[in-house]
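As stored in upload.csv (CSV, N, CA and C atoms):
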```csv
chain,number,residue,atom,x,y,z
A,1,MET,N,181.6,50.9,-125.6
A,1,MET,CA,181.6,52.2,-125.0
A,1,MET,C,180.5,52.3,-124.0
A,2,LEU,N,180.8,52.8,-122.8
A,2,LEU,CA,179.8,53.0,-121.7
A,2,LEU,C,179.1,54.3,-121.9
A,3,LYS,N,177.8,54.3,-121.9
A,3,LYS,CA,177.0,55.5,-122.1
A,3,LYS,C,176.3,55.9,-120.8
A,4,ILE,N,176.5,57.2,-120.4
A,4,ILE,CA,176.0,57.6,-119.1
A,4,ILE,C,175.3,58.9,-119.2
A,5,GLY,N,174.1,59.0,-118.7
A,5,GLY,CA,173.3,60.3,-118.6
A,5,GLY,C,173.4,60.8,-117.2
A,6,ILE,N,173.6,62.1,-117.0
A,6,ILE,CA,173.8,62.7,-115.7
A,6,ILE,C,172.6,63.7,-115.5
A,7,ILE,N,171.9,63.5,-114.4
A,7,ILE,CA,170.7,64.4,-114.1
A,7,ILE,C,170.8,64.9,-112.6
A,8,GLY,N,170.4,66.1,-112.3
A,8,GLY,CA,170.3,66.6,-111.0
A,8,GLY,C,171.0,67.9,-110.7
A,9,HIS,N,171.9,68.3,-111.5
A,9,HIS,CA,172.6,69.6,-111.4
A,9,HIS,C,171.8,70.7,-112.0
A,10,LYS,N,172.2,71.9,-111.8
A,10,LYS,CA,171.6,73.1,-112.5
A,10,LYS,C,172.2,73.3,-113.9
A,11,GLU,N,173.5,73.4,-113.9
A,11,GLU,CA,174.2,73.7,-115.2
A,11,GLU,C,175.7,73.3,-115.1
A,12,VAL,N,176.2,72.8,-116.2
A,12,VAL,CA,177.6,72.4,-116.3
A,12,VAL,C,178.0,72.9,-117.6
A,13,PRO,N,179.2,73.6,-117.7
A,13,PRO,CA,180.1,73.9,-116.6
A,13,PRO,C,179.7,75.1,-115.8
A,14,SER,N,179.9,75.0,-114.5
A,14,SER,CA,179.5,76.1,-113.6
A,14,SER,C,180.1,75.8,-112.2
A,15,TYR,N,180.3,76.8,-111.4
A,15,TYR,CA,180.7,76.7,-110.0
A,15,TYR,C,179.7,77.3,-109.1
A,16,ASN,N,178.4,77.3,-109.5
A,16,ASN,CA,177.3,78.0,-108.8
A,16,ASN,C,176.8,77.1,-107.6
A,17,GLY,N,177.3,75.9,-107.5
A,17,GLY,CA,176.9,75.0,-106.4
A,17,GLY,C,177.8,73.9,-106.3
A,18,GLY,N,177.7,73.1,-105.3
A,18,GLY,CA,178.6,72.0,-105.1
A,18,GLY,C,178.6,70.9,-106.1
A,19,ILE,N,177.3,70.5,-106.5
A,19,ILE,CA,177.2,69.5,-107.5
A,19,ILE,C,177.8,69.9,-108.9
A,20,GLU,N,177.5,71.2,-109.2
A,20,GLU,CA,178.0,71.8,-110.4
A,20,GLU,C,179.5,71.8,-110.4
A,21,ALA,N,180.1,72.2,-109.3
A,21,ALA,CA,181.6,72.2,-109.2
A,21,ALA,C,182.2,70.8,-109.4
A,22,VAL,N,181.6,69.8,-108.7
A,22,VAL,CA,182.1,68.5,-108.8
A,22,VAL,C,182.0,68.0,-110.3
A,23,LEU,N,180.9,68.2,-110.9
A,23,LEU,CA,180.8,67.8,-112.3
A,23,LEU,C,181.7,68.6,-113.3
A,24,THR,N,181.8,69.9,-113.1
A,24,THR,CA,182.7,70.7,-113.9
A,24,THR,C,184.1,70.2,-113.8
A,25,GLU,N,184.6,69.8,-112.6
A,25,GLU,CA,185.9,69.3,-112.4
A,25,GLU,C,186.2,67.9,-112.9
A,26,THR,N,185.2,67.0,-112.7
A,26,THR,CA,185.4,65.6,-113.0
A,26,THR,C,185.0,65.2,-114.5
A,27,ILE,N,184.1,65.8,-115.1
A,27,ILE,CA,183.7,65.4,-116.5
A,27,ILE,C,184.9,65.4,-117.4
A,28,PRO,N,185.8,66.4,-117.4
A,28,PRO,CA,187.0,66.4,-118.3
A,28,PRO,C,187.9,65.2,-118.1
A,29,LEU,N,187.8,64.6,-116.9
A,29,LEU,CA,188.7,63.5,-116.6
A,29,LEU,C,188.3,62.1,-117.2
A,30,PHE,N,187.0,62.1,-117.7
A,30,PHE,CA,186.6,60.9,-118.4
A,30,PHE,C,187.3,60.7,-119.7
A,31,ASN,N,187.6,59.4,-120.1
A,31,ASN,CA,188.2,59.1,-121.3
A,31,ASN,C,187.1,59.1,-122.4
A,32,LYS,N,187.2,60.0,-123.4
A,32,LYS,CA,186.1,60.1,-124.4
A,32,LYS,C,186.1,58.8,-125.3
A,33,GLU,N,187.1,58.0,-125.3
A,33,GLU,CA,187.2,56.8,-126.1
A,33,GLU,C,186.4,55.7,-125.5
A,34,ASN,N,186.2,55.7,-124.2
A,34,ASN,CA,185.6,54.6,-123.5
A,34,ASN,C,184.2,55.0,-122.9
A,35,VAL,N,184.0,56.3,-122.7
A,35,VAL,CA,182.8,56.8,-122.1
A,35,VAL,C,182.1,57.9,-122.9
A,36,GLU,N,180.8,57.8,-123.1
A,36,GLU,CA,180.0,58.8,-123.7
A,36,GLU,C,179.1,59.4,-122.7
A,37,LEU,N,179.3,60.6,-122.3
A,37,LEU,CA,178.6,61.3,-121.2
A,37,LEU,C,177.6,62.3,-121.9
A,38,THR,N,176.4,62.3,-121.3
A,38,THR,CA,175.4,63.4,-121.6
A,38,THR,C,175.0,64.0,-120.3
A,39,VAL,N,175.1,65.3,-120.2
A,39,VAL,CA,174.6,66.0,-119.0
A,39,VAL,C,173.3,66.8,-119.3
A,40,TYR,N,172.4,66.7,-118.4
A,40,TYR,CA,171.1,67.4,-118.6
A,40,TYR,C,171.1,68.7,-117.8
A,41,ASN,N,171.3,69.9,-118.5
A,41,ASN,CA,171.3,71.2,-117.8
A,41,ASN,C,169.8,71.7,-117.8
A,42,ARG,N,169.5,72.4,-116.6
A,42,ARG,CA,168.3,73.1,-116.5
A,42,ARG,C,168.4,74.3,-117.4
A,43,TRP,N,167.3,74.6,-118.2
A,43,TRP,CA,167.3,75.7,-119.1
A,43,TRP,C,166.0,76.5,-118.9
A,44,THR,N,166.3,77.7,-118.4
A,44,THR,CA,165.1,78.6,-118.0
A,44,THR,C,164.9,79.8,-119.0
A,45,THR,N,165.8,79.9,-120.0
A,45,THR,CA,165.6,81.0,-120.9
A,45,THR,C,165.1,80.4,-122.3
A,46,PHE,N,164.0,79.7,-122.2
A,46,PHE,CA,163.5,78.9,-123.3
A,46,PHE,C,162.7,79.7,-124.3
A,47,TYR,N,162.7,81.1,-124.2
A,47,TYR,CA,162.0,81.9,-125.2
A,47,TYR,C,162.8,81.9,-126.5
A,48,ASN,N,164.0,81.5,-126.5
A,48,ASN,CA,164.8,81.5,-127.8
A,48,ASN,C,165.0,80.1,-128.3
A,49,LEU,N,164.1,79.6,-129.2
A,49,LEU,CA,164.1,78.3,-129.7
A,49,LEU,C,165.3,77.9,-130.5
A,50,LYS,N,165.8,78.9,-131.2
A,50,LYS,CA,167.1,78.6,-132.0
A,50,LYS,C,168.2,78.3,-131.1
A,51,GLU,N,168.3,79.0,-129.9
A,51,GLU,CA,169.4,78.7,-129.0
A,51,GLU,C,169.2,77.3,-128.4
A,52,TRP,N,167.9,77.0,-128.1
A,52,TRP,CA,167.6,75.7,-127.5
A,52,TRP,C,168.1,74.5,-128.4
A,53,LYS,N,168.0,74.7,-129.7
A,53,LYS,CA,168.3,73.6,-130.6
A,53,LYS,C,169.8,73.5,-130.9
A,54,GLU,N,170.6,74.5,-130.5
A,54,GLU,CA,172.0,74.4,-130.7
A,54,GLU,C,172.6,73.2,-130.0
A,55,LYS,N,173.5,72.6,-130.7
A,55,LYS,CA,174.3,71.5,-130.1
A,55,LYS,C,175.3,72.0,-129.1
A,56,LYS,N,175.2,71.6,-127.9
A,56,LYS,CA,176.2,72.1,-126.9
A,56,LYS,C,177.0,71.0,-126.4
A,57,LYS,N,178.3,71.3,-126.1
A,57,LYS,CA,179.2,70.3,-125.6
A,57,LYS,C,180.1,70.9,-124.4
A,58,TYR,N,180.6,70.1,-123.6
A,58,TYR,CA,181.5,70.5,-122.6
A,58,TYR,C,182.6,69.4,-122.5
A,59,ALA,N,183.8,69.7,-122.6
A,59,ALA,CA,184.9,68.8,-122.6
A,59,ALA,C,184.7,67.6,-123.6
A,60,GLY,N,184.0,67.9,-124.7
A,60,GLY,CA,183.8,66.9,-125.7
A,60,GLY,C,182.6,66.0,-125.4
A,61,PHE,N,181.8,66.3,-124.4
A,61,PHE,CA,180.6,65.5,-124.0
A,61,PHE,C,179.4,66.3,-124.3
A,62,ARG,N,178.3,65.7,-124.5
A,62,ARG,CA,177.0,66.3,-124.9
A,62,ARG,C,176.3,66.9,-123.7
A,63,ILE,N,175.7,68.1,-124.0
A,63,ILE,CA,174.8,68.8,-123.1
A,63,ILE,C,173.4,68.9,-123.7
A,64,ILE,N,172.4,68.4,-122.9
A,64,ILE,CA,171.0,68.6,-123.3
A,64,ILE,C,170.4,69.6,-122.4
A,65,ARG,N,169.7,70.6,-123.0
A,65,ARG,CA,169.0,71.6,-122.1
A,65,ARG,C,167.6,71.2,-121.9
A,66,VAL,N,167.2,71.1,-120.7
A,66,VAL,CA,165.8,70.7,-120.3
A,66,VAL,C,165.0,72.0,-119.9
A,67,PRO,N,164.0,72.3,-120.6
A,67,PRO,CA,163.2,73.5,-120.3
A,67,PRO,C,162.5,73.4,-118.9
A,68,THR,N,162.6,74.4,-118.1
A,68,THR,CA,161.9,74.4,-116.8
A,68,THR,C,161.6,75.8,-116.4
A,69,PHE,N,160.9,76.0,-115.3
A,69,PHE,CA,160.5,77.3,-114.8
A,69,PHE,C,161.8,78.0,-114.2
A,70,LYS,N,161.9,79.3,-114.4
A,70,LYS,CA,163.0,80.0,-113.8
A,70,LYS,C,163.0,80.1,-112.3
A,71,LYS,N,162.0,80.7,-111.7
A,71,LYS,CA,161.9,80.8,-110.3
A,71,LYS,C,160.5,80.2,-109.9
A,72,SER,N,160.6,79.0,-109.4
A,72,SER,CA,159.4,78.3,-109.0
A,72,SER,C,159.7,77.1,-108.2
A,73,PHE,N,158.8,76.7,-107.3
A,73,PHE,CA,159.1,75.5,-106.6
A,73,PHE,C,159.0,74.3,-107.5
A,74,LEU,N,158.5,74.5,-108.7
A,74,LEU,CA,158.4,73.4,-109.7
A,74,LEU,C,159.7,73.3,-110.5
A,75,ASN,N,160.6,74.2,-110.4
A,75,ASN,CA,161.8,74.2,-111.2
A,75,ASN,C,162.5,72.8,-111.3
A,76,ALA,N,162.9,72.3,-110.1
A,76,ALA,CA,163.7,71.0,-110.1
A,76,ALA,C,162.8,69.8,-110.4
A,77,PHE,N,161.5,69.9,-110.0
A,77,PHE,CA,160.6,68.8,-110.3
A,77,PHE,C,160.4,68.6,-111.8
A,78,VAL,N,160.0,69.7,-112.5
A,78,VAL,CA,159.8,69.7,-113.9
A,78,VAL,C,161.0,69.2,-114.7
A,79,TYR,N,162.2,69.8,-114.3
A,79,TYR,CA,163.4,69.4,-114.9
A,79,TYR,C,163.7,67.9,-114.7
A,80,SER,N,163.5,67.4,-113.5
A,80,SER,CA,163.8,66.0,-113.2
A,80,SER,C,162.9,65.0,-114.0
A,81,VAL,N,161.6,65.4,-114.1
A,81,VAL,CA,160.6,64.6,-114.8
A,81,VAL,C,161.0,64.5,-116.3
A,82,LEU,N,161.2,65.7,-116.9
A,82,LEU,CA,161.5,65.8,-118.3
A,82,LEU,C,162.8,65.1,-118.7
A,83,ALA,N,163.9,65.3,-117.9
A,83,ALA,CA,165.2,64.7,-118.1
A,83,ALA,C,165.1,63.2,-118.0
A,84,SER,N,164.3,62.7,-117.0
A,84,SER,CA,164.2,61.3,-116.7
A,84,SER,C,163.4,60.6,-117.9
A,85,ILE,N,162.4,61.3,-118.4
A,85,ILE,CA,161.6,60.7,-119.5
A,85,ILE,C,162.5,60.6,-120.7
A,86,HIS,N,163.3,61.7,-121.0
A,86,HIS,CA,164.2,61.6,-122.1
A,86,HIS,C,165.2,60.5,-121.9
A,87,ALA,N,165.8,60.3,-120.7
A,87,ALA,CA,166.7,59.2,-120.4
A,87,ALA,C,166.1,57.9,-120.6
A,88,MET,N,164.8,57.7,-120.3
A,88,MET,CA,164.1,56.4,-120.5
A,88,MET,C,164.3,55.9,-121.9
A,89,PHE,N,164.2,56.8,-122.9
A,89,PHE,CA,164.2,56.4,-124.3
A,89,PHE,C,165.6,56.7,-125.0
A,90,SER,N,166.6,56.9,-124.2
A,90,SER,CA,167.9,57.1,-124.7
A,90,SER,C,168.7,55.8,-124.5
A,91,SER,N,169.9,55.7,-125.1
A,91,SER,CA,170.6,54.4,-125.1
A,91,SER,C,171.6,54.3,-124.0
A,92,TYR,N,171.4,55.0,-122.9
A,92,TYR,CA,172.3,55.0,-121.8
A,92,TYR,C,172.4,53.6,-121.1
A,93,ASP,N,173.6,53.3,-120.7
A,93,ASP,CA,173.8,52.1,-119.9
A,93,ASP,C,173.5,52.4,-118.4
A,94,ILE,N,173.8,53.6,-118.0
A,94,ILE,CA,173.7,54.1,-116.6
A,94,ILE,C,173.1,55.5,-116.6
A,95,VAL,N,172.1,55.8,-115.7
A,95,VAL,CA,171.7,57.1,-115.5
A,95,VAL,C,172.1,57.5,-114.1
A,96,HIS,N,172.9,58.6,-114.0
A,96,HIS,CA,173.5,59.0,-112.7
A,96,HIS,C,172.7,60.2,-112.2
A,97,TYR,N,172.0,60.1,-111.1
A,97,TYR,CA,171.3,61.2,-110.4
A,97,TYR,C,172.2,61.8,-109.3
A,98,HIS,N,172.1,63.1,-109.2
A,98,HIS,CA,172.7,63.8,-108.2
A,98,HIS,C,171.6,64.5,-107.3
A,99,ALA,N,171.7,64.3,-106.0
A,99,ALA,CA,170.8,64.9,-105.0
A,99,ALA,C,169.5,64.1,-104.8
A,100,GLU,N,168.9,64.4,-103.7
A,100,GLU,CA,167.7,63.6,-103.3
A,100,GLU,C,166.5,63.9,-104.2
A,101,GLY,N,166.2,65.2,-104.4
A,101,GLY,CA,165.0,65.5,-105.2
A,101,GLY,C,165.0,64.9,-106.6
A,102,PRO,N,166.0,65.1,-107.4
A,102,PRO,CA,166.0,64.5,-108.8
A,102,PRO,C,166.0,63.0,-108.7
A,103,SER,N,166.6,62.4,-107.7
A,103,SER,CA,166.6,61.0,-107.6
A,103,SER,C,165.2,60.3,-107.4
A,104,ALA,N,164.3,61.1,-107.0
A,104,ALA,CA,162.9,60.6,-106.8
A,104,ALA,C,162.3,60.2,-108.2
A,105,MET,N,162.9,60.7,-109.2
A,105,MET,CA,162.4,60.3,-110.6
A,105,MET,C,163.2,59.1,-111.2
A,106,SER,N,164.1,58.6,-110.4
A,106,SER,CA,165.0,57.5,-111.0
A,106,SER,C,164.2,56.3,-111.3
A,107,PHE,N,163.0,56.1,-110.8
A,107,PHE,CA,162.2,54.9,-111.2
A,107,PHE,C,161.9,55.0,-112.7
A,108,LEU,N,161.8,56.1,-113.3
A,108,LEU,CA,161.4,56.2,-114.7
A,108,LEU,C,162.3,55.5,-115.6
A,109,PRO,N,163.6,55.8,-115.7
A,109,PRO,CA,164.5,55.1,-116.6
A,109,PRO,C,164.7,53.6,-116.1
A,110,ARG,N,164.5,53.4,-114.9
A,110,ARG,CA,164.6,52.0,-114.4
A,110,ARG,C,163.5,51.1,-115.0
A,111,LEU,N,162.3,51.7,-115.3
A,111,LEU,CA,161.3,51.0,-116.0
A,111,LEU,C,161.7,50.4,-117.3
A,112,THR,N,162.6,51.1,-118.0
A,112,THR,CA,163.1,50.6,-119.3
A,112,THR,C,164.4,49.8,-119.2
A,113,GLY,N,164.8,49.4,-118.0
A,113,GLY,CA,166.0,48.6,-117.8
A,113,GLY,C,167.3,49.3,-117.6
A,114,LYS,N,167.2,50.6,-117.4
A,114,LYS,CA,168.5,51.3,-117.2
A,114,LYS,C,169.0,51.0,-115.8
A,115,LYS,N,170.3,51.0,-115.7
A,115,LYS,CA,171.0,50.9,-114.4
A,115,LYS,C,171.0,52.4,-113.8
A,116,ILE,N,170.8,52.5,-112.5
A,116,ILE,CA,170.7,53.8,-111.9
A,116,ILE,C,171.7,53.9,-110.8
A,117,VAL,N,172.4,55.1,-110.7
A,117,VAL,CA,173.3,55.4,-109.7
A,117,VAL,C,172.8,56.8,-109.1
A,118,CYS,N,172.6,56.8,-107.8
A,118,CYS,CA,172.2,58.1,-107.1
A,118,CYS,C,173.3,58.5,-106.1
A,119,THR,N,173.7,59.7,-106.3
A,119,THR,CA,174.7,60.3,-105.4
A,119,THR,C,174.0,61.4,-104.5
A,120,ASN,N,174.1,61.2,-103.2
A,120,ASN,CA,173.5,62.2,-102.3
A,120,ASN,C,174.6,63.0,-101.7
A,121,HIS,N,174.5,64.3,-102.0
A,121,HIS,CA,175.6,65.2,-101.6
A,121,HIS,C,175.4,65.9,-100.2
A,122,GLY,N,174.3,65.5,-99.6
A,122,GLY,CA,174.0,66.0,-98.3
A,122,GLY,C,172.5,65.8,-98.0
A,123,LEU,N,172.1,66.1,-96.7
A,123,LEU,CA,170.7,65.9,-96.3
A,123,LEU,C,170.0,67.2,-96.5
A,124,ASP,N,169.3,67.3,-97.7
A,124,ASP,CA,168.6,68.5,-98.0
A,124,ASP,C,167.6,68.9,-97.0
A,125,TRP,N,166.9,68.0,-96.4
A,125,TRP,CA,165.8,68.3,-95.4
A,125,TRP,C,166.4,68.9,-94.2
A,126,ASN,N,167.7,68.7,-94.0
A,126,ASN,CA,168.4,69.2,-92.8
A,126,ASN,C,169.1,70.5,-93.0
A,127,ARG,N,169.0,71.1,-94.2
A,127,ARG,CA,169.7,72.4,-94.5
A,127,ARG,C,168.8,73.5,-94.2
A,128,SER,N,169.4,74.6,-93.7
A,128,SER,CA,168.6,75.8,-93.3
A,128,SER,C,167.8,76.4,-94.4
A,129,LYS,N,168.2,76.3,-95.7
A,129,LYS,CA,167.5,76.9,-96.8
A,129,LYS,C,166.2,76.2,-97.0
A,130,TRP,N,166.0,75.0,-96.6
A,130,TRP,CA,164.7,74.3,-96.8
A,130,TRP,C,163.8,74.4,-95.6
A,131,GLY,N,164.2,75.1,-94.6
A,131,GLY,CA,163.3,75.3,-93.4
A,131,GLY,C,163.1,74.1,-92.7
```
Would you put the structure from the file into structure tokens?
Amino acid sequence: MLKIGIIGHKEVPSYNGGIEAVLTETIPLFNKENVELTVYNRWTTFYNLKEWKEKKKYAGFRIIRVPTFKKSFLNAFVYSVLASIHAMFSSYDIVHYHAEGPSAMSFLPRLTGKKIVCTNHGLDWNRSKWG
């Protein structure tokens, strides 16, 4: 069985962004008998520890919530670092990063021999929202 960890989106299932829509639509297409997927969702409502520990699934695949800041320039950075550290010590064959920012942390799981795939959905530095 192929084990894949997915990092870089905000939340799945969701249609709040392009990456989220792509993952929400494609994750159910994976064959659960041959692929074990884990998606790392950003989790900003971490005041409820009971909710954090709940086992979450989408289309039969595992969701791990990664605590991060709600509104901060550190949101994506903290999420990417924590998810990547977790992925380092997980049994994934492949860690799949989405977007340029989270991909900067792809060297962490690579240190433990994981294969890395990075998907760039656009040039973030060239988008108006980034100035």
Just checking: using all atoms listed in the file, which residue out of A:Ile64, A:Met1, A:Leu108, A:Ile7 ends up closest to A:Glu33?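 For A:Glu33, the nearest of the given residues is A:Met1.
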Report the residues of chain A whose backbone DSSP state falls under alpha helix (DSSP H), written as JSON, numbers by chain. {"A": [18, 19, 20, 21, 22, 23, 24, 25, 26, 49, 50, 51, 52, 53, 75, 76, 77, 78, 79, 80, 81, 82, 83, 84, 85, 86, 87, 88, 100, 101, 102, 103, 107, 108, 109, 110]}
Any chance you could export the current selection's N, CA and C atoms as a compact mmCIF listing (two decimals), in the frame of the given file?
```
# COMPACT_ATOMS: atom_id res chain seq x y z
N GLY A 18 177.70 73.10 -105.30
CA GLY A 18 178.60 72.00 -105.10
C GLY A 18 178.60 70.90 -106.10
N ILE A 19 177.30 70.50 -106.50
CA ILE A 19 177.20 69.50 -107.50
C ILE A 19 177.80 69.90 -108.90
N GLU A 20 177.50 71.20 -109.20
CA GLU A 20 178.00 71.80 -110.40
C GLU A 20 179.50 71.80 -110.40
N ALA A 21 180.10 72.20 -109.30
CA ALA A 21 181.60 72.20 -109.20
C ALA A 21 182.20 70.80 -109.40
N VAL A 22 181.60 69.80 -108.70
CA VAL A 22 182.10 68.50 -108.80
C VAL A 22 182.00 68.00 -110.30
N LEU A 23 180.90 68.20 -110.90
CA LEU A 23 180.80 67.80 -112.30
C LEU A 23 181.70 68.60 -113.30
N THR A 24 181.80 69.90 -113.10
CA THR A 24 182.70 70.70 -113.90
C THR A 24 184.10 70.20 -113.80
N GLU A 25 184.60 69.80 -112.60
CA GLU A 25 185.90 69.30 -112.40
C GLU A 25 186.20 67.90 -112.90
N THR A 26 185.20 67.00 -112.70
CA THR A 26 185.40 65.60 -113.00
C THR A 26 185.00 65.20 -114.50
N LEU A 49 164.10 79.60 -129.20
CA LEU A 49 164.10 78.30 -129.70
C LEU A 49 165.30 77.90 -130.50
N LYS A 50 165.80 78.90 -131.20
CA LYS A 50 167.10 78.60 -132.00
C LYS A 50 168.20 78.30 -131.10
N GLU A 51 168.30 79.00 -129.90
CA GLU A 51 169.40 78.70 -129.00
C GLU A 51 169.20 77.30 -128.40
N TRP A 52 167.90 77.00 -128.10
CA TRP A 52 167.60 75.70 -127.50
C TRP A 52 168.10 74.50 -128.40
N LYS A 53 168.00 74.70 -129.70
CA LYS A 53 168.30 73.60 -130.60
C LYS A 53 169.80 73.50 -130.90
N ASN A 75 160.60 74.20 -110.40
CA ASN A 75 161.80 74.20 -111.20
C ASN A 75 162.50 72.80 -111.30
N ALA A 76 162.90 72.30 -110.10
CA ALA A 76 163.70 71.00 -110.10
C ALA A 76 162.80 69.80 -110.40
N PHE A 77 161.50 69.90 -110.00
CA PHE A 77 160.60 68.80 -110.30
C PHE A 77 160.40 68.60 -111.80
N VAL A 78 160.00 69.70 -112.50
CA VAL A 78 159.80 69.70 -113.90
C VAL A 78 161.00 69.20 -114.70
N TYR A 79 162.20 69.80 -114.30
CA TYR A 79 163.40 69.40 -114.90
C TYR A 79 163.70 67.90 -114.70
N SER A 80 163.50 67.40 -113.50
CA SER A 80 163.80 66.00 -113.20
C SER A 80 162.90 65.00 -114.00
N VAL A 81 161.60 65.40 -114.10
CA VAL A 81 160.60 64.60 -114.80
C VAL A 81 161.00 64.50 -116.30
N LEU A 82 161.20 65.70 -116.90
CA LEU A 82 161.50 65.80 -118.30
C LEU A 82 162.80 65.10 -118.70
N ALA A 83 163.90 65.30 -117.90
CA ALA A 83 165.20 64.70 -118.10
C ALA A 83 165.10 63.20 -118.00
N SER A 84 164.30 62.70 -117.00
CA SER A 84 164.20 61.30 -116.70
C SER A 84 163.40 60.60 -117.90
N ILE A 85 162.40 61.30 -118.40
CA ILE A 85 161.60 60.70 -119.50
C ILE A 85 162.50 60.60 -120.70
N HIS A 86 163.30 61.70 -121.00
CA HIS A 86 164.20 61.60 -122.10
C HIS A 86 165.20 60.50 -121.90
N ALA A 87 165.80 60.30 -120.70
CA ALA A 87 166.70 59.20 -120.40
C ALA A 87 166.10 57.90 -120.60
N MET A 88 164.80 57.70 -120.30
CA MET A 88 164.10 56.40 -120.50
C MET A 88 164.30 55.90 -121.90
N GLU A 100 168.90 64.40 -103.70
CA GLU A 100 167.70 63.60 -103.30
C GLU A 100 166.50 63.90 -104.20
N GLY A 101 166.20 65.20 -104.40
CA GLY A 101 165.00 65.50 -105.20
C GLY A 101 165.00 64.90 -106.60
N PRO A 102 166.00 65.10 -107.40
CA PRO A 102 166.00 64.50 -108.80
C PRO A 102 166.00 63.00 -108.70
N SER A 103 166.60 62.40 -107.70
CA SER A 103 166.60 61.00 -107.60
C SER A 103 165.20 60.30 -107.40
N PHE A 107 163.00 56.10 -110.80
CA PHE A 107 162.20 54.90 -111.20
C PHE A 107 161.90 55.00 -112.70
N LEU A 108 161.80 56.10 -113.30
CA LEU A 108 161.40 56.20 -114.70
C LEU A 108 162.30 55.50 -115.60
N PRO A 109 163.60 55.80 -115.70
CA PRO A 109 164.50 55.10 -116.60
C PRO A 109 164.70 53.60 -116.10
N ARG A 110 164.50 53.40 -114.90
CA ARG A 110 164.60 52.00 -114.40
C ARG A 110 163.50 51.10 -115.00
```
A straight line from atom C of A:Leu82 to atom C of A:Arg65 spans 8.4 Å
Give me the residues within 6 Å of A:His98 as an MDAnalysis selection string, counting only N, CA and C atoms and dropping any in the same chain fewer than 4 places off. chainID A and resid 7:9 102:103 118:120
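Of the listed residues A:Asn75, A:Asn16, A:Thr38, A:Ser80, the one whose atoms come nearest to A:Met105 is A:Ser80, with distances taken using all atoms listed in the file.
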Using only C-alpha atoms: which of A:Gly113, A:Pro67, A:Gly60, A:Gly101 has the shortest distance to A:Pro28: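 Looking only at the distances to A:Pro28, the closest residue turns out to be A:Gly60.
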Have a look at atom C of A:Ile6 and atom N of A:Tyr97 and let me know their distance in Å, one decimal.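 Computing the Euclidean distance for atom C of A:Ile6 and atom N of A:Tyr97 yields 5.7 Å.
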Exercise: A:Val35 partners within 7 Å, only N, CA and C atoms, chain neighbours under 6 positions left out, as a VMD selection string: chain A and resid 1 to 4
Quick one, how far is atom C of A:Ala87 from atom N of A:Glu36? 14.9 Å
From A:Leu29, A:Lys71, A:Phe89, A:Lys10, residue lying nearest A:Asn41 [only N, CA and C atoms]: A:Lys10
